[in-house]
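Dropping structure-v9.txt in here (compact mmCIF, C-alpha atoms):
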# COMPACT_ATOMS: atom_id res chain seq x y z
CA MET F 1 117.08 101.09 63.69
CA SER F 2 119.71 100.52 66.37
CA LEU F 3 118.84 100.17 70.03
CA GLN F 4 122.13 101.95 70.84
CA ALA F 5 122.91 99.10 73.23
CA PRO F 6 126.53 100.10 73.93
CA GLU F 7 125.35 103.48 75.18
CA PHE F 8 122.59 101.88 77.27
CA PHE F 9 125.03 99.50 78.96
CA ASP F 10 127.47 102.40 79.48
CA GLU F 11 124.62 104.22 81.23
CA LEU F 12 124.34 101.29 83.67
CA CYS F 13 128.00 101.85 84.71
CA LEU F 14 128.69 98.16 85.22
CA PRO F 15 132.13 97.65 86.80
CA PHE F 16 133.22 94.62 84.79
CA HIS F 17 136.45 95.49 82.95
CA ASP F 18 136.46 92.32 80.84
CA SER F 19 133.23 93.05 78.94
CA THR F 20 131.92 93.89 75.51
CA VAL F 21 128.69 94.60 73.67
CA VAL F 22 127.97 92.59 70.53
CA GLY F 23 124.85 93.68 68.71
CA ASN F 24 122.30 94.32 71.44
CA THR F 25 123.87 91.96 73.99
CA TYR F 26 126.32 92.68 76.83
CA TYR F 27 128.87 89.98 77.68
CA ALA F 28 131.19 90.01 80.71
CA ALA F 29 133.59 87.86 82.67
CA PRO F 30 133.00 89.46 86.08
CA VAL F 31 135.51 87.30 87.97
CA PRO F 32 138.80 86.61 86.15
CA GLY F 33 139.90 82.99 86.05
CA THR F 34 136.45 81.45 86.40
CA PRO F 35 134.48 79.88 83.55
CA LEU F 36 131.19 81.61 84.36
CA ARG F 37 130.13 84.52 82.18
CA LEU F 38 127.36 87.09 82.40
CA ARG F 39 125.11 87.84 79.43
CA ILE F 40 122.54 90.65 79.43
CA ASP F 41 119.94 91.02 76.65
CA PHE F 42 116.94 93.23 76.20
CA SER F 43 113.80 91.22 76.86
CA GLY F 44 110.98 91.60 74.37
CA THR F 45 107.29 92.09 74.95
CA VAL F 46 104.25 90.83 73.04
CA TYR F 47 104.65 93.85 70.77
CA ALA F 48 107.16 93.69 67.91
CA ASP F 49 110.41 95.63 68.43
CA THR F 50 109.38 96.67 71.95
CA TYR F 51 111.44 95.87 75.03
CA GLY F 52 110.19 95.62 78.60
CA GLY F 53 113.31 94.84 80.57
CA LEU F 54 116.60 93.02 80.73
CA ARG F 55 117.30 89.29 80.73
CA LEU F 56 120.40 88.33 82.73
CA ALA F 57 121.95 84.91 82.25
CA VAL F 58 124.88 83.17 83.91
CA VAL F 59 126.53 81.08 81.21
CA HIS F 60 129.05 78.25 81.49
CA PRO F 61 131.08 77.47 78.33
CA ASP F 62 130.33 73.72 78.53
CA ARG F 63 126.95 73.60 80.29
CA GLY F 64 125.26 76.62 78.72
CA GLU F 65 122.86 78.75 80.72
CA ILE F 66 123.09 77.99 84.43
CA ASP F 67 120.60 80.59 85.67
CA VAL F 68 118.39 83.28 84.15
CA VAL F 69 116.47 86.18 85.63
CA ALA F 70 114.27 88.83 84.00
CA LEU F 71 114.35 92.39 85.31
CA SER F 72 111.38 94.41 84.10
CA PHE F 73 111.65 98.13 83.53
CA VAL F 74 108.33 98.61 85.35
CA ASP F 75 109.47 96.78 88.50
CA HIS F 76 112.65 98.86 88.67
CA GLY F 77 111.11 102.27 87.87
CA THR F 78 113.21 102.72 84.74
CA PHE F 79 110.63 104.72 82.79
CA HIS F 80 108.40 105.91 85.63
CA ARG F 81 109.31 109.60 85.28
CA ARG F 82 109.05 109.54 81.49
CA ASP F 83 105.68 107.78 81.53
CA GLU F 84 104.34 110.07 84.23
CA ALA F 85 105.46 113.16 82.30
CA HIS F 86 103.82 111.87 79.10
CA ASN F 87 100.65 110.72 80.90
CA THR F 88 101.24 107.14 79.74
CA ASN F 89 99.01 104.96 81.85
CA PRO F 90 99.77 101.48 83.16
CA ASN F 91 98.28 98.67 81.05
CA THR F 92 98.93 100.57 77.83
CA SER F 93 101.37 99.31 75.20
CA GLY F 94 104.05 101.95 75.78
CA TYR F 95 104.08 101.93 79.58
CA GLY F 96 107.45 100.96 81.07
CA THR F 97 108.88 99.94 77.72
CA PHE F 98 110.82 101.30 74.80
CA GLY F 99 110.91 100.40 71.14
CA LYS F 100 113.39 100.65 68.35
CA TYR F 101 111.54 103.62 66.85
CA HIS F 102 112.32 106.92 68.51
CA ARG F 103 112.82 110.63 68.05
CA PRO F 104 115.77 111.47 65.79
CA GLY F 105 118.92 112.33 67.69
CA ARG F 106 117.72 110.65 70.89
CA PRO F 107 118.29 107.06 72.03
CA PRO F 108 115.26 104.75 71.97
CA TRP F 109 115.52 104.42 75.76
CA ASP F 110 115.47 108.19 76.25
CA GLY F 111 114.21 109.10 79.72
CA ALA F 112 115.44 105.91 81.38
CA VAL F 113 116.57 106.06 85.00
CA THR F 114 118.86 103.06 85.38
CA THR F 115 119.63 103.17 89.11
CA GLY F 116 117.06 100.49 90.03
CA LEU F 117 118.27 98.19 87.26
CA ARG F 118 121.89 98.67 88.24
CA ASP F 119 121.13 97.85 91.87
CA ALA F 120 119.24 94.70 90.83
CA ILE F 121 122.13 93.62 88.58
CA GLU F 122 124.52 94.17 91.47
CA GLN F 123 122.38 92.00 93.78
CA TYR F 124 122.09 89.23 91.19
CA THR F 125 125.76 89.16 90.25
CA ALA F 126 126.82 89.19 93.93
CA VAL F 127 125.35 85.69 94.19
CA TRP F 128 127.09 84.26 91.12
CA PHE F 129 130.22 86.41 91.03
CA PRO F 130 131.24 87.20 94.62
CA GLY F 131 133.67 90.08 94.86
CA ALA F 132 132.96 91.38 91.35
CA TRP F 133 131.51 94.58 92.80
CA THR F 134 134.12 96.15 95.02
CA ALA F 135 133.76 99.40 96.87
CA SER F 136 136.16 101.08 94.46
CA SER F 137 134.33 99.90 91.34
CA ARG F 138 130.99 100.90 92.87
CA MET F 139 132.25 104.42 93.44
CA ALA F 140 133.85 104.58 90.00
CA GLY F 141 130.45 104.01 88.41
CA ARG F 142 128.79 106.76 90.40
CA THR F 143 129.23 110.47 89.92
CA ALA F 144 130.53 111.09 93.42
CA HIS F 145 133.36 113.54 93.78
CA THR F 146 135.82 113.40 96.62
CA ALA F 147 136.98 116.57 98.25
CA PRO F 148 140.72 116.96 98.64
CA ALA F 149 141.99 116.35 102.16
CA LYS F 150 142.98 119.37 104.19
CA PRO F 151 146.71 119.65 104.76
CA VAL F 152 147.81 118.88 108.28
CA ALA F 153 148.79 122.09 110.05
CA ARG F 154 151.94 121.85 112.11
CA SER F 155 151.89 123.49 115.46
CA GLY F 156 154.72 125.67 116.68
CA ALA F 157 155.34 123.53 119.78
CA ARG F 158 157.76 120.65 119.61
CA ALA F 159 156.69 117.25 120.83
CA ARG F 160 159.13 115.29 122.97
Taking this structure as input, can you express it in the form of structure tokens?
Amino acid sequence: MSLQAPEFFDELCLPFHDSTVVGNTYYAAPVPGTPLRLRIDFSGTVYADTYGGLRLAVVHPDRGEIDVVALSFVDHGTFHRRDEAHNTNPNTSGYGTFGKYHRPGRPPWDGAVTTGLRDAIEQYTAVWFPGAWTASSRMAGRTAHTAPAKPVARSGARAR
């Protein structure tokens, strides 16, 4: 069964325009013109076909992996609400994880809250890819709506 990785990475609202998902892996060139690339995979657990977080790697085309960090779903509260609602206790096999088997019509990561992961990815990539997260791209990924500006009212008096 598919992990529906493209939809998961879409849910993260990453601002990197030069990116793609191949299989279950996200690839991006966050800063144009530099050789460094970002690769994000799902990190496995001791249980088969069960994932407990994301593995971020900075990759150089000639030198390979430069740096790697693991972001666990538990540490970033990704499945806290889901696990609390289902009375899934810490130290059980399903806590803070998801597997490839799931309810039909729902993604395997159903119930994920990705805000903590997204913030951690932003912090990590700011070190390796300065300027990749601009204020405009940050707002584009959020669901904020801007109110239209009020028109300037002209007064009847003339200024000299």
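By chain and then residue number, the residues within 9 Å of F:Val31 are Phe16, Asp18, Ala28, Ala29, Gly33, Thr34, Pro35, Leu36, Arg37, Phe129, Pro130, Gly131 and Ala132 of chain F, counting all atoms listed in the file and disregarding those fewer than 2 positions away in sequence.
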- Message: Report, in Å to a single decimal, how far apart atom CA of F:Ser93 and atom CA of F:Phe9 are.
- Response: 24.0 Å
Env of stretch 57-72 of chain F: 8 Å cut, atoms = only C-alpha atoms, seq-sep filter 6 positions within chain, self excluded. Answer as an mmCIF file with C-alpha atoms, keeping the file's coordinate frame.
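And here is the file that came out, part-v4.cif:
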data_model
loop_
_atom_site.group_PDB
_atom_site.id
_atom_site.type_symbol
_atom_site.label_atom_id
_atom_site.label_comp_id
_atom_site.auth_asym_id
_atom_site.auth_seq_id
_atom_site.Cartn_x
_atom_site.Cartn_y
_atom_site.Cartn_z
ATOM 1 C CA PRO F 35 134.480 79.880 83.550
ATOM 2 C CA LEU F 36 131.190 81.610 84.360
ATOM 3 C CA ARG F 37 130.130 84.520 82.180
ATOM 4 C CA LEU F 38 127.360 87.090 82.400
ATOM 5 C CA ARG F 39 125.110 87.840 79.430
ATOM 6 C CA ILE F 40 122.540 90.650 79.430
ATOM 7 C CA SER F 43 113.800 91.220 76.860
ATOM 8 C CA LEU F 117 118.270 98.190 87.260
ATOM 9 C CA ALA F 120 119.240 94.700 90.830
ATOM 10 C CA TRP F 128 127.090 84.260 91.120
#
- Task: Provide the atom CA of F:Phe8 to atom CA of F:Thr92 distance in Å, to one decimal place.
- Result: 23.7 Å
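For the atom pair formed by atom CA of F:Asn91 and atom CA of F:Ser2, the distance is 26.0 Å, given to one decimal.
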- Item | Top pick for closest residue to F:Gly111, considering F:Ser19, F:Thr97, F:Gln123, F:Thr45 and counting only C-alpha atoms | F:Thr97
So for stretch 54-68 of chain F, what box centre and size do we get, axis-aligned, 5 Å extra on each of the six sides, every listed atom, Å to one decimal, as AutoDock Vina command-line options?
--center_x 123.8 --center_y 83.3 --center_z 82.0 --size_x 24.5 --size_y 29.4 --size_z 17.3
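Here the question is which of F:Phe79, F:Trp109, F:Tyr47, F:Pro30 gets nearest to F:His17 using all atoms listed in the file, and that residue is F:Pro30.
Residues with any atom within 12 Å of the point (102.6, 107.8, 84.7), counting all atoms listed in the file, are Val74, Gly77, Thr78, Phe79, His80, Arg81, Arg82, Asp83, Glu84, Ala85, His86, Asn87, Thr88, Asn89, Pro90, Asn91, Thr92, Gly94, Tyr95 and Gly96 of chain F.
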Resulting file, chosen residues, C-alpha atoms, as an mmCIF file, in the frame of the given file:
data_model
loop_
_atom_site.group_PDB
_atom_site.id
_atom_site.type_symbol
_atom_site.label_atom_id
_atom_site.label_comp_id
_atom_site.auth_asym_id
_atom_site.auth_seq_id
_atom_site.Cartn_x
_atom_site.Cartn_y
_atom_site.Cartn_z
ATOM 1 C CA VAL F 74 108.330 98.610 85.350
ATOM 2 C CA GLY F 77 111.110 102.270 87.870
ATOM 3 C CA THR F 78 113.210 102.720 84.740
ATOM 4 C CA PHE F 79 110.630 104.720 82.790
ATOM 5 C CA HIS F 80 108.400 105.910 85.630
ATOM 6 C CA ARG F 81 109.310 109.600 85.280
ATOM 7 C CA ARG F 82 109.050 109.540 81.490
ATOM 8 C CA ASP F 83 105.680 107.780 81.530
ATOM 9 C CA GLU F 84 104.340 110.070 84.230
ATOM 10 C CA ALA F 85 105.460 113.160 82.300
ATOM 11 C CA HIS F 86 103.820 111.870 79.100
ATOM 12 C CA ASN F 87 100.650 110.720 80.900
ATOM 13 C CA THR F 88 101.240 107.140 79.740
ATOM 14 C CA ASN F 89 99.010 104.960 81.850
ATOM 15 C CA PRO F 90 99.770 101.480 83.160
ATOM 16 C CA ASN F 91 98.280 98.670 81.050
ATOM 17 C CA THR F 92 98.930 100.570 77.830
ATOM 18 C CA GLY F 94 104.050 101.950 75.780
ATOM 19 C CA TYR F 95 104.080 101.930 79.580
ATOM 20 C CA GLY F 96 107.450 100.960 81.070
#
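Checking F:Gly23, F:Gly116, F:Gly44, F:Pro32 one by one against F:Glu7, counting all atoms listed in the file, you find the shortest gap at F:Gly23.
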